Amino acid sequence: MTPAPSTAPTGVGGTARAADRPTAKASLLDAVADLRRDVEATRFPLALDGVEAARGRRRQLLDQLDDHLLPRLRELSAPAMVVVAGSTGAGKSTIVNSLLGEEVSAAGVLRPTTRRPVLVHHPDDAELLAEHPLLAIVDVVARPGVPRGIAVIDAPDLDSLLATNRSTAHRLLEAADLWVFVTTAARYGDALPWEVLDRATARGTSMAMVLNRAPAEALIEVRTDLLGRLRGKGMSAVPLFLVPDAGPHEGLLEARAVAPILRWLTMVAGPDRARSVIARTQRGSLAALRPWVDELAEVVQAQVDARIALAADVERAVAGPAERARAAVLAGAVADGPVRTRWTALSGRSGALGGGWSGRRGQAERVAALATVAEELGQASRVALSAARRAGELAVRRALDESDAPGAAGLRGAVEQAGAAGATTPDASSAAWLAAAEQHVEELAAGRGAAAEDRALARQAARLVRAAGTAGAGTVVAAAAVGLGSARVLLEQALGGPGAQALAATVAQDLAHRAHEQAAAGAQPVRATLASDHLAADAASRLRLRLAVLKGLT
């Protein structure tokens with residue numbers, strides 16, 4: 001290739017000084033950078049229809065921002081990225097090598113040939129490309145035969161057998177200022193070339209088509225058909241280059257076979273033309289961003305709407321079990337069984353808890369006996385709280401299984417987690433309840449709390465503590481609270497009717513609340529998922545704000 005003259009101011013080594021090079025308006029660069037940040041932060045926690053497509057669109061949008069728009073806005077003087085793309089076996093590498101007059105990109109009959117893309121640029125453009133993100137995924141070759149102002153990239157096959165090759169090829173197309181699509185007389189009617197060209201048209205990308213291996217006997221027929229297809233797609237302005245079929249051969253094509261493409265690229269590399277190509281593609285890319293961002297915002301809003309419906313469903317699901325768990329505790333379910341049996345055995349005439357409680361006489365026996373009651377209370381309360389948790393979890397699972405709300409099926413996995421993140425376990429809640437009962441008695445005996453002014457009640461509570469120990473006194477209160485009648489009588493004898501009733505009611509309500517809380521915790525894994533910032537009521541507004549700013553600047 002013959003280098004095109006450069007009009008850019010140059011410094012040492014012929015490169016443009018950074019201070020002299022043009023940059024985009026700060027407002028536009030900032031707006032695109034802000035958009036990129038918010039697109040990167042966008043997530044889709046709920047498995048709704050269309051989410052996978054949205055994730056693909058998000059990735060495509062990030063590639064467009066990272067590999068094309070942001071590098072271009074930061075360095076307007078950077079060479080135009082000319083991506084040579086096409087289907088398997090189209091001869092892209094041979095075309096690129098023939099244009100340069102030497103082999104810079106491996107070509108061959110084995111597929112896939114181009115595993116790593118090759119980017120070829122003029123040596124004096126090296127500084128302008130130094131920060132470009134594409135350099136991380138391409139092999140870079142500097143050749144003086146490449147006109148200043150363009151960089152030619154030999155991309156992998158768009159339909160490569162290797163997914164990584166296909167992904168890289170599409171990423172390069174998103175980064176391109178100019179697409180050169182290579183196809184053959186045998187393959188130009190395939191769907192893939194036209195899908196890619198439709199994408200280029202939608203983006204406003206400058207492009208050209210090369211029909212390689214065009215047979216002489218069908219040249220006019222093929223050319224006429226291809227031009228008709230281009231016109232039908234609204235692409236009549238797309239340059240079409242025909243490369244005659246050279247038959248079986250190795251190495252470069254004859255120079256005259258690629259001369260029209262070479263002349264065109266040399267013209268494109270001219271400062272004014274290159275800027276025009278870049279500007280057109282940049283305008284098209286910015287315009288194409290808007291429907292993409294709007295599409296993502298709509299998907300995010302659908303996630304938010306689904307979150308609202310699902311949250312209502314799961315709260316309705318656990319409401320019944322939670323109220324039933326509360327009612328069961330207040331009805332005395334915890335006292336039934338081992339707790340009642342143990343208390344009855346110990347509170348008979350011959351039991352450690354029978355007879356009168358006076359001072360410290362028999363205290364050691366009472367403390368030991370009450371400790372065994374406390375164990376039974378702990379076990380029974382843990383069973384009740386665990387049952388409440390299971391009832392809540394089952395209710396949520398059933399609700400999700402039966403729900404036809406968007407995203408319900410995907411949330412089932414959250415319920416299968418080993419525990420409810422952020423929720424107190426039944427064992428911990430049971431222990432905390434017994435400790436709270438003990439604390440209530442201790443505060444009462446010390447003259448603290450709601451009944452601090454009732455000195456008589458404080459003295460009575462202190463006597464109970466001396467007789468049974470602090471833990472034992474708490475056990476008596478807990479036993480009365482869960483519905484043991486004889487424990488309630490004992491407590492009333494110790495504290496008086498009103499004081500005993502108020503204390504037992506407080507401790508009973510505490511356990512009932514914990515049962516309600518455990519049943520409600522059955523929805524906690526789902527709540528944790530639905531509490532994601534990505535499902536917040538204003539989650540879509542950030543993208544819409546960036547879209548509005550971008551519209552105002554373009």
# chains A, B, ... in the order shown; residues from 1 in each chain; ligands from 1
call {"tool": "residues_around", "arguments": {"residues": "region 245-252 of chain A", "least_positions_apart": "3", "cutoff": "9 Å", "atoms": "only C-alpha atoms", "output": "PDB file with all heavy atoms, in the first residue's frame"}}
result
ATOM      1  N   THR A  94      -5.979 -14.262   3.101  1.00  0.00           N
ATOM      2  CA  THR A  94      -5.315 -14.134   1.797  1.00  0.00           C
ATOM      3  C   THR A  94      -5.528 -12.744   1.219  1.00  0.00           C
ATOM      4  O   THR A  94      -4.597 -12.142   0.649  1.00  0.00           O
ATOM      5  CB  THR A  94      -5.853 -15.208   0.828  1.00  0.00           C
ATOM      6  OG1 THR A  94      -5.570 -16.504   1.357  1.00  0.00           O
ATOM      7  CG2 THR A  94      -5.208 -15.067  -0.542  1.00  0.00           C
ATOM      8  N   ILE A  95      -6.721 -12.194   1.358  1.00  0.00           N
ATOM      9  CA  ILE A  95      -6.996 -10.837   0.883  1.00  0.00           C
ATOM     10  C   ILE A  95      -6.117  -9.829   1.615  1.00  0.00           C
ATOM     11  O   ILE A  95      -5.477  -8.956   0.996  1.00  0.00           O
ATOM     12  CB  ILE A  95      -8.488 -10.481   1.075  1.00  0.00           C
ATOM     13  CG1 ILE A  95      -9.385 -11.352   0.192  1.00  0.00           C
ATOM     14  CG2 ILE A  95      -8.738  -9.007   0.808  1.00  0.00           C
ATOM     15  CD1 ILE A  95      -9.296 -11.072  -1.283  1.00  0.00           C
ATOM     16  N   ASN A  97      -3.261 -10.316   3.271  1.00  0.00           N
ATOM     17  CA  ASN A  97      -1.854 -10.506   2.905  1.00  0.00           C
ATOM     18  C   ASN A  97      -1.563  -9.957   1.512  1.00  0.00           C
ATOM     19  O   ASN A  97      -0.517  -9.334   1.275  1.00  0.00           O
ATOM     20  CB  ASN A  97      -1.493 -11.990   2.957  1.00  0.00           C
ATOM     21  CG  ASN A  97      -1.513 -12.536   4.377  1.00  0.00           C
ATOM     22  OD1 ASN A  97      -1.346 -11.784   5.337  1.00  0.00           O
ATOM     23  ND2 ASN A  97      -1.720 -13.841   4.513  1.00  0.00           N
ATOM     24  N   SER A  98      -2.493 -10.172   0.592  1.00  0.00           N
ATOM     25  CA  SER A  98      -2.291  -9.710  -0.786  1.00  0.00           C
ATOM     26  C   SER A  98      -2.319  -8.190  -0.851  1.00  0.00           C
ATOM     27  O   SER A  98      -1.575  -7.580  -1.643  1.00  0.00           O
ATOM     28  CB  SER A  98      -3.359 -10.316  -1.700  1.00  0.00           C
ATOM     29  OG  SER A  98      -3.291 -11.724  -1.692  1.00  0.00           O
ATOM     30  N   LEU A  99      -3.163  -7.554  -0.057  1.00  0.00           N
ATOM     31  CA  LEU A  99      -3.201  -6.089  -0.023  1.00  0.00           C
ATOM     32  C   LEU A  99      -1.883  -5.516   0.475  1.00  0.00           C
ATOM     33  O   LEU A  99      -1.410  -4.480  -0.006  1.00  0.00           O
ATOM     34  CB  LEU A  99      -4.346  -5.610   0.874  1.00  0.00           C
ATOM     35  CG  LEU A  99      -5.763  -5.813   0.329  1.00  0.00           C
ATOM     36  CD1 LEU A  99      -6.788  -5.535   1.415  1.00  0.00           C
ATOM     37  CD2 LEU A  99      -6.008  -4.891  -0.867  1.00  0.00           C
ATOM     38  N   GLY A 101       1.034  -7.163   0.347  1.00  0.00           N
ATOM     39  CA  GLY A 101       2.160  -7.650  -0.442  1.00  0.00           C
ATOM     40  C   GLY A 101       3.082  -8.569   0.327  1.00  0.00           C
ATOM     41  O   GLY A 101       4.198  -8.866  -0.122  1.00  0.00           O
ATOM     42  N   GLU A 102       2.658  -9.054   1.477  1.00  0.00           N
ATOM     43  CA  GLU A 102       3.456  -9.996   2.257  1.00  0.00           C
ATOM     44  C   GLU A 102       2.530 -10.726   3.221  1.00  0.00           C
ATOM     45  O   GLU A 102       1.426 -10.256   3.515  1.00  0.00           O
ATOM     46  CB  GLU A 102       4.552  -9.292   3.044  1.00  0.00           C
ATOM     47  CG  GLU A 102       4.044  -8.282   4.054  1.00  0.00           C
ATOM     48  CD  GLU A 102       5.166  -7.681   4.875  1.00  0.00           C
ATOM     49  OE1 GLU A 102       5.879  -8.468   5.536  1.00  0.00           O
ATOM     50  OE2 GLU A 102       5.329  -6.447   4.846  1.00  0.00           O
ATOM     51  N   GLU A 103       2.991 -11.863   3.711  1.00  0.00           N
ATOM     52  CA  GLU A 103       2.158 -12.642   4.616  1.00  0.00           C
ATOM     53  C   GLU A 103       2.317 -12.136   6.044  1.00  0.00           C
ATOM     54  O   GLU A 103       3.359 -12.305   6.668  1.00  0.00           O
ATOM     55  CB  GLU A 103       2.506 -14.127   4.544  1.00  0.00           C
ATOM     56  CG  GLU A 103       1.556 -14.988   5.377  1.00  0.00           C
ATOM     57  CD  GLU A 103       1.695 -16.472   5.083  1.00  0.00           C
ATOM     58  OE1 GLU A 103       1.713 -16.840   3.896  1.00  0.00           O
ATOM     59  OE2 GLU A 103       1.785 -17.235   6.053  1.00  0.00           O
ATOM     60  N   ALA A 107      -2.713 -17.986   6.577  1.00  0.00           N
ATOM     61  CA  ALA A 107      -3.818 -18.410   5.717  1.00  0.00           C
ATOM     62  C   ALA A 107      -3.596 -19.872   5.359  1.00  0.00           C
ATOM     63  O   ALA A 107      -2.474 -20.323   5.203  1.00  0.00           O
ATOM     64  CB  ALA A 107      -3.875 -17.555   4.450  1.00  0.00           C
ATOM     65  N   GLY A 108      -4.686 -20.622   5.228  1.00  0.00           N
ATOM     66  CA  GLY A 108      -4.537 -22.031   4.886  1.00  0.00           C
ATOM     67  C   GLY A 108      -5.873 -22.699   4.746  1.00  0.00           C
ATOM     68  O   GLY A 108      -6.919 -22.105   4.969  1.00  0.00           O
ATOM     69  N   ASN A 212     -15.105 -12.749  -3.189  1.00  0.00           N
ATOM     70  CA  ASN A 212     -13.860 -13.441  -3.516  1.00  0.00           C
ATOM     71  C   ASN A 212     -14.148 -14.679  -4.355  1.00  0.00           C
ATOM     72  O   ASN A 212     -15.238 -15.242  -4.308  1.00  0.00           O
ATOM     73  CB  ASN A 212     -13.160 -13.835  -2.210  1.00  0.00           C
ATOM     74  CG  ASN A 212     -11.712 -14.235  -2.428  1.00  0.00           C
ATOM     75  OD1 ASN A 212     -11.103 -13.872  -3.434  1.00  0.00           O
ATOM     76  ND2 ASN A 212     -11.149 -14.963  -1.472  1.00  0.00           N
ATOM     77  N   ARG A 213     -13.147 -15.072  -5.141  1.00  0.00           N
ATOM     78  CA  ARG A 213     -13.228 -16.269  -5.982  1.00  0.00           C
ATOM     79  C   ARG A 213     -14.429 -16.202  -6.922  1.00  0.00           C
ATOM     80  O   ARG A 213     -15.190 -17.164  -7.073  1.00  0.00           O
ATOM     81  CB  ARG A 213     -13.300 -17.540  -5.133  1.00  0.00           C
ATOM     82  CG  ARG A 213     -12.158 -17.676  -4.137  1.00  0.00           C
ATOM     83  CD  ARG A 213     -12.127 -19.059  -3.515  1.00  0.00           C
ATOM     84  NE  ARG A 213     -11.209 -19.074  -2.386  1.00  0.00           N
ATOM     85  CZ  ARG A 213     -11.575 -19.140  -1.107  1.00  0.00           C
ATOM     86  NH1 ARG A 213     -12.855 -19.242  -0.807  1.00  0.00           N
ATOM     87  NH2 ARG A 213     -10.689 -19.135  -0.148  1.00  0.00           N
ATOM     88  N   ALA A 214     -14.642 -15.059  -7.514  1.00  0.00           N
ATOM     89  CA  ALA A 214     -15.766 -14.885  -8.452  1.00  0.00           C
ATOM     90  C   ALA A 214     -15.456 -15.619  -9.758  1.00  0.00           C
ATOM     91  O   ALA A 214     -14.465 -15.307 -10.435  1.00  0.00           O
ATOM     92  CB  ALA A 214     -15.992 -13.408  -8.721  1.00  0.00           C
ATOM     93  N   PRO A 215     -16.276 -16.610 -10.174  1.00  0.00           N
ATOM     94  CA  PRO A 215     -15.996 -17.373 -11.401  1.00  0.00           C
ATOM     95  C   PRO A 215     -16.244 -16.529 -12.646  1.00  0.00           C
ATOM     96  O   PRO A 215     -17.252 -15.818 -12.739  1.00  0.00           O
ATOM     97  CB  PRO A 215     -16.973 -18.543 -11.309  1.00  0.00           C
ATOM     98  CG  PRO A 215     -18.095 -18.034 -10.452  1.00  0.00           C
ATOM     99  CD  PRO A 215     -17.492 -17.066  -9.487  1.00  0.00           C
ATOM    100  N   ALA A 216     -15.333 -16.608 -13.604  1.00  0.00           N
ATOM    101  CA  ALA A 216     -15.434 -15.770 -14.807  1.00  0.00           C
ATOM    102  C   ALA A 216     -16.713 -16.065 -15.573  1.00  0.00           C
ATOM    103  O   ALA A 216     -17.374 -15.150 -16.085  1.00  0.00           O
ATOM    104  CB  ALA A 216     -14.208 -16.013 -15.703  1.00  0.00           C
ATOM    105  N   ALA A 255      -1.306  -8.896  -7.757  1.00  0.00           N
ATOM    106  CA  ALA A 255      -1.557  -7.530  -7.306  1.00  0.00           C
ATOM    107  C   ALA A 255      -2.774  -6.938  -7.996  1.00  0.00           C
ATOM    108  O   ALA A 255      -3.566  -6.212  -7.376  1.00  0.00           O
ATOM    109  CB  ALA A 255      -0.319  -6.663  -7.556  1.00  0.00           C
ATOM    110  N   ALA A 257      -5.434  -8.341  -8.863  1.00  0.00           N
ATOM    111  CA  ALA A 257      -6.694  -8.892  -8.367  1.00  0.00           C
ATOM    112  C   ALA A 257      -7.250  -8.073  -7.201  1.00  0.00           C
ATOM    113  O   ALA A 257      -8.470  -7.976  -7.024  1.00  0.00           O
ATOM    114  CB  ALA A 257      -6.505 -10.341  -7.940  1.00  0.00           C
TER     115      ALA A 257
END
call {"tool": "residues_around", "arguments": {"residues": "Arg459 (chain A)", "least_positions_apart": "3", "cutoff": "9 Å", "atoms": "only C-alpha atoms", "output": "list of chain:residue names"}}
result
A:Leu444, A:Ala445, A:Ala446, A:Gly447, A:Asp454, A:Arg455, A:Ala456, A:Ala462, A:Arg463, A:Leu464, A:Leu495
call {"tool": "write_last_selection", "arguments": {"atoms": "C-alpha atoms", "output": "PDB file, in the first residue's frame"}}
result
ATOM      1  CA  LEU A 444     -37.566  -6.579  88.423  1.00  0.00           C
ATOM      2  CA  ALA A 445     -35.603  -7.666  91.475  1.00  0.00           C
ATOM      3  CA  ALA A 446     -33.163  -4.785  90.970  1.00  0.00           C
ATOM      4  CA  GLY A 447     -35.982  -2.253  90.740  1.00  0.00           C
ATOM      5  CA  ASP A 454     -43.257  -0.740  92.584  1.00  0.00           C
ATOM      6  CA  ARG A 455     -40.897  -1.382  95.497  1.00  0.00           C
ATOM      7  CA  ALA A 456     -43.073  -4.150  96.930  1.00  0.00           C
ATOM      8  CA  ALA A 462     -35.754 -10.446  94.961  1.00  0.00           C
ATOM      9  CA  ARG A 463     -37.086 -13.122  97.357  1.00  0.00           C
ATOM     10  CA  LEU A 464     -37.899 -15.356  94.375  1.00  0.00           C
ATOM     11  CA  LEU A 495     -45.019 -11.881  92.986  1.00  0.00           C
TER      12      LEU A 495
END
call {"tool": "closest_residue", "arguments": {"among": "A:Asp124, A:Asp34, A:Glu40, A:Asp336", "to": "Asp63 (chain A)", "atoms": "only C-alpha atoms"}}
result
A:Glu40
call {"tool": "closest_residue", "arguments": {"among": "A:Arg148, A:Arg37, A:Arg171, A:Arg412", "to": "Ala85 (chain A)", "atoms": "only C-alpha atoms"}}
result
A:Arg171
call {"tool": "residues_around", "arguments": {"residues": "Ala322 (chain A)", "least_positions_apart": "4", "cutoff": "6 Å", "atoms": "only C-alpha atoms", "output": "short mmCIF file (atom, residue, chain, number, x, y, z; two decimals) with N, CA, C and O atoms, in the first residue's frame"}}
result
data_model
loop_
_atom_site.label_atom_id
_atom_site.label_comp_id
_atom_site.auth_asym_id
_atom_site.auth_seq_id
_atom_site.Cartn_x
_atom_site.Cartn_y
_atom_site.Cartn_z
N VAL A 318 -46.32 -16.63 53.80
CA VAL A 318 -45.87 -16.90 55.17
C VAL A 318 -46.79 -16.28 56.21
O VAL A 318 -46.64 -16.58 57.41
N HIS A 516 -43.61 -16.36 65.35
CA HIS A 516 -44.06 -15.63 64.17
C HIS A 516 -42.86 -15.26 63.29
O HIS A 516 -42.89 -15.42 62.05
N ALA A 519 -41.44 -18.35 61.36
CA ALA A 519 -42.26 -18.71 60.20
C ALA A 519 -42.05 -17.71 59.07
O ALA A 519 -41.90 -18.09 57.90
N ALA A 520 -42.00 -16.42 59.42
CA ALA A 520 -41.77 -15.40 58.40
C ALA A 520 -40.39 -15.54 57.78
O ALA A 520 -40.17 -15.20 56.61
#
call {"tool": "closest_residue", "arguments": {"among": "A:Phe44, A:Trp343, A:Trp264, A:Trp179", "to": "Gln301 (chain A)", "atoms": "only C-alpha atoms"}}
result
A:Phe44
call {"tool": "closest_residue", "arguments": {"among": "A:Leu226, A:Ala539, A:Val180, A:Leu253", "to": "Arg307 (chain A)", "atoms": "only C-alpha atoms"}}
result
A:Ala539
call {"tool": "closest_residue", "arguments": {"among": "A:Arg466, A:Arg116, A:Arg229, A:Arg290", "to": "Leu61 (chain A)", "atoms": "only C-alpha atoms"}}
result
A:Arg290
call {"tool": "select_by_dssp", "arguments": {"residues": "region 238-451 of chain A", "states": "strand (DSSP E)", "output": "list in words"}}
result
Leu240, Phe241, Leu242, Val243 and Pro244 of chain A
call {"tool": "write_last_selection", "arguments": {"atoms": "all heavy atoms", "output": "short mmCIF file (atom, residue, chain, number, x, y, z; two decimals), in the first residue's frame"}}
result
data_model
loop_
_atom_site.label_atom_id
_atom_site.label_comp_id
_atom_site.auth_asym_id
_atom_site.auth_seq_id
_atom_site.Cartn_x
_atom_site.Cartn_y
_atom_site.Cartn_z
N LEU A 240 -18.77 -2.61 -3.78
CA LEU A 240 -18.66 -4.04 -4.02
C LEU A 240 -17.42 -4.30 -4.88
O LEU A 240 -17.28 -3.74 -5.97
CB LEU A 240 -19.90 -4.56 -4.76
CG LEU A 240 -19.87 -6.02 -5.22
CD1 LEU A 240 -19.72 -6.97 -4.02
CD2 LEU A 240 -21.12 -6.37 -6.03
N PHE A 241 -16.54 -5.15 -4.39
CA PHE A 241 -15.31 -5.48 -5.11
C PHE A 241 -15.33 -6.96 -5.46
O PHE A 241 -15.67 -7.81 -4.62
CB PHE A 241 -14.08 -5.18 -4.24
CG PHE A 241 -13.97 -3.75 -3.82
CD1 PHE A 241 -14.41 -3.33 -2.58
CD2 PHE A 241 -13.46 -2.81 -4.70
CE1 PHE A 241 -14.33 -2.01 -2.19
CE2 PHE A 241 -13.37 -1.47 -4.32
CZ PHE A 241 -13.81 -1.06 -3.07
N LEU A 242 -14.98 -7.26 -6.70
CA LEU A 242 -14.94 -8.64 -7.19
C LEU A 242 -13.49 -9.08 -7.34
O LEU A 242 -12.69 -8.40 -8.00
CB LEU A 242 -15.66 -8.75 -8.53
CG LEU A 242 -17.11 -8.26 -8.58
CD1 LEU A 242 -17.67 -8.40 -9.98
CD2 LEU A 242 -17.96 -9.03 -7.58
N VAL A 243 -13.16 -10.20 -6.70
CA VAL A 243 -11.82 -10.77 -6.83
C VAL A 243 -11.97 -12.06 -7.62
O VAL A 243 -12.62 -13.01 -7.15
CB VAL A 243 -11.19 -11.06 -5.45
CG1 VAL A 243 -9.83 -11.72 -5.62
CG2 VAL A 243 -11.07 -9.77 -4.66
N PRO A 244 -11.42 -12.12 -8.86
CA PRO A 244 -11.62 -13.30 -9.72
C PRO A 244 -11.09 -14.57 -9.08
O PRO A 244 -10.16 -14.55 -8.25
CB PRO A 244 -10.81 -12.96 -10.98
CG PRO A 244 -10.67 -11.47 -10.94
CD PRO A 244 -10.61 -11.08 -9.51
#
call {"tool": "select_by_dssp", "arguments": {"residues": "region 30-123 of chain A", "states": "helix (DSSP H, G or I)", "output": "NGL selection string"}}
result
:A and (30-41 or 51-74 or 92-100 or 123)
call {"tool": "residues_around", "arguments": {"residues": "His170 (chain A)", "least_positions_apart": "4", "cutoff": "12 Å", "atoms": "only C-alpha atoms", "output": "tab-separated table (two decimals) with N, CA, C and O atoms, in the first residue's frame"}}
result
chain	number	residue	atom	x	y	z
A	56	GLY	N	-26.90	-10.79	26.80
A	56	GLY	CA	-26.11	-10.71	25.57
A	56	GLY	C	-26.06	-9.30	25.03
A	56	GLY	O	-25.01	-8.82	24.58
A	59	ARG	N	-23.69	-7.26	27.12
A	59	ARG	CA	-22.30	-7.54	26.77
A	59	ARG	C	-21.93	-6.87	25.45
A	59	ARG	O	-20.83	-6.30	25.30
A	60	GLN	N	-22.83	-6.91	24.50
A	60	GLN	CA	-22.60	-6.28	23.20
A	60	GLN	C	-22.45	-4.76	23.37
A	60	GLN	O	-21.58	-4.14	22.75
A	61	LEU	N	-23.28	-4.20	24.21
A	61	LEU	CA	-23.22	-2.76	24.45
A	61	LEU	C	-21.91	-2.38	25.11
A	61	LEU	O	-21.28	-1.37	24.75
A	63	ASP	N	-19.08	-4.01	24.88
A	63	ASP	CA	-18.04	-4.13	23.86
A	63	ASP	C	-18.01	-2.90	22.97
A	63	ASP	O	-16.94	-2.38	22.62
A	64	GLN	N	-19.20	-2.44	22.57
A	64	GLN	CA	-19.29	-1.26	21.73
A	64	GLN	C	-18.70	-0.03	22.42
A	64	GLN	O	-17.95	0.75	21.83
A	67	ASP	N	-14.65	-0.87	23.22
A	67	ASP	CA	-13.73	-1.11	22.11
A	67	ASP	C	-13.87	-0.09	20.98
A	67	ASP	O	-12.98	-0.01	20.13
A	83	VAL	N	-12.06	-3.54	9.87
A	83	VAL	CA	-12.12	-4.95	10.22
A	83	VAL	C	-12.52	-5.76	8.99
A	83	VAL	O	-13.58	-5.52	8.39
A	84	VAL	N	-11.66	-6.69	8.63
A	84	VAL	CA	-11.94	-7.59	7.50
A	84	VAL	C	-12.54	-8.86	8.09
A	84	VAL	O	-11.88	-9.61	8.81
A	85	ALA	N	-13.82	-9.08	7.80
A	85	ALA	CA	-14.56	-10.17	8.42
A	85	ALA	C	-15.22	-11.02	7.35
A	85	ALA	O	-15.33	-10.63	6.19
A	86	GLY	N	-15.69	-12.20	7.79
A	86	GLY	CA	-16.38	-13.06	6.84
A	86	GLY	C	-16.55	-14.46	7.38
A	86	GLY	O	-16.20	-14.76	8.51
A	87	SER	N	-17.12	-15.31	6.54
A	87	SER	CA	-17.40	-16.69	6.94
A	87	SER	C	-16.17	-17.56	6.77
A	87	SER	O	-15.15	-17.15	6.21
A	117	PRO	N	-6.58	-12.63	16.10
A	117	PRO	CA	-6.64	-11.61	15.06
A	117	PRO	C	-5.29	-10.90	14.89
A	117	PRO	O	-4.48	-10.83	15.81
A	155	ALA	N	-9.95	-10.52	11.05
A	155	ALA	CA	-10.74	-11.09	12.14
A	155	ALA	C	-10.92	-12.60	11.97
A	155	ALA	O	-10.83	-13.13	10.85
A	156	PRO	N	-11.19	-13.32	13.04
A	156	PRO	CA	-11.51	-14.76	12.93
A	156	PRO	C	-12.83	-14.95	12.19
A	156	PRO	O	-13.60	-14.01	11.97
A	157	ASP	N	-13.10	-16.21	11.83
A	157	ASP	CA	-14.34	-16.52	11.12
A	157	ASP	C	-15.55	-16.23	12.00
A	157	ASP	O	-15.60	-16.62	13.17
A	158	LEU	N	-16.55	-15.59	11.41
A	158	LEU	CA	-17.79	-15.31	12.15
A	158	LEU	C	-18.55	-16.58	12.49
A	158	LEU	O	-19.32	-16.62	13.46
A	159	ASP	N	-18.36	-17.63	11.69
A	159	ASP	CA	-19.04	-18.90	11.95
A	159	ASP	C	-18.03	-19.99	12.33
A	159	ASP	O	-18.24	-21.16	12.06
A	160	SER	N	-16.95	-19.59	12.99
A	160	SER	CA	-15.91	-20.52	13.37
A	160	SER	C	-16.46	-21.65	14.25
A	160	SER	O	-17.43	-21.48	14.99
A	163	ALA	N	-16.04	-21.26	19.71
A	163	ALA	CA	-16.87	-20.19	20.25
A	163	ALA	C	-16.05	-18.95	20.54
A	163	ALA	O	-16.51	-17.81	20.35
A	164	THR	N	-14.80	-19.14	21.00
A	164	THR	CA	-13.95	-17.98	21.29
A	164	THR	C	-13.65	-17.18	20.02
A	164	THR	O	-13.60	-15.95	20.06
A	165	ASN	N	-13.45	-17.88	18.91
A	165	ASN	CA	-13.22	-17.19	17.64
A	165	ASN	C	-14.45	-16.39	17.23
A	165	ASN	O	-14.35	-15.23	16.80
A	166	ARG	N	-15.62	-17.01	17.36
A	166	ARG	CA	-16.85	-16.31	16.98
A	166	ARG	C	-17.05	-15.08	17.85
A	166	ARG	O	-17.41	-13.99	17.36
A	174	GLU	N	-17.92	-4.88	16.51
A	174	GLU	CA	-18.47	-3.79	17.32
A	174	GLU	C	-17.47	-2.65	17.44
A	174	GLU	O	-17.86	-1.50	17.65
A	175	ALA	N	-16.19	-2.96	17.34
A	175	ALA	CA	-15.15	-1.94	17.50
A	175	ALA	C	-14.80	-1.25	16.19
A	175	ALA	O	-14.05	-0.27	16.19
A	176	ALA	N	-15.35	-1.73	15.07
A	176	ALA	CA	-14.91	-1.26	13.76
A	176	ALA	C	-15.46	0.13	13.41
A	176	ALA	O	-16.59	0.46	13.75
A	179	TRP	N	-16.33	-1.79	8.14
A	179	TRP	CA	-16.36	-3.23	7.95
A	179	TRP	C	-16.06	-3.54	6.48
A	179	TRP	O	-16.66	-2.95	5.57
A	192	LEU	N	-25.78	-15.70	7.14
A	192	LEU	CA	-24.83	-14.99	8.01
A	192	LEU	C	-24.35	-13.67	7.43
A	192	LEU	O	-24.36	-12.65	8.14
A	195	GLU	N	-27.08	-11.09	7.86
A	195	GLU	CA	-27.32	-10.73	9.26
A	195	GLU	C	-26.28	-9.71	9.72
A	195	GLU	O	-26.60	-8.72	10.39
A	196	VAL	N	-25.03	-9.97	9.35
A	196	VAL	CA	-23.95	-9.07	9.75
A	196	VAL	C	-24.11	-7.71	9.08
A	196	VAL	O	-23.94	-6.65	9.70
A	199	ARG	N	-26.74	-5.66	10.69
A	199	ARG	CA	-26.24	-5.04	11.92
A	199	ARG	C	-25.45	-3.79	11.61
A	199	ARG	O	-25.56	-2.77	12.30
A	200	ALA	N	-24.63	-3.86	10.57
A	200	ALA	CA	-23.84	-2.69	10.19
A	200	ALA	C	-24.74	-1.54	9.77
A	200	ALA	O	-24.51	-0.38	10.13
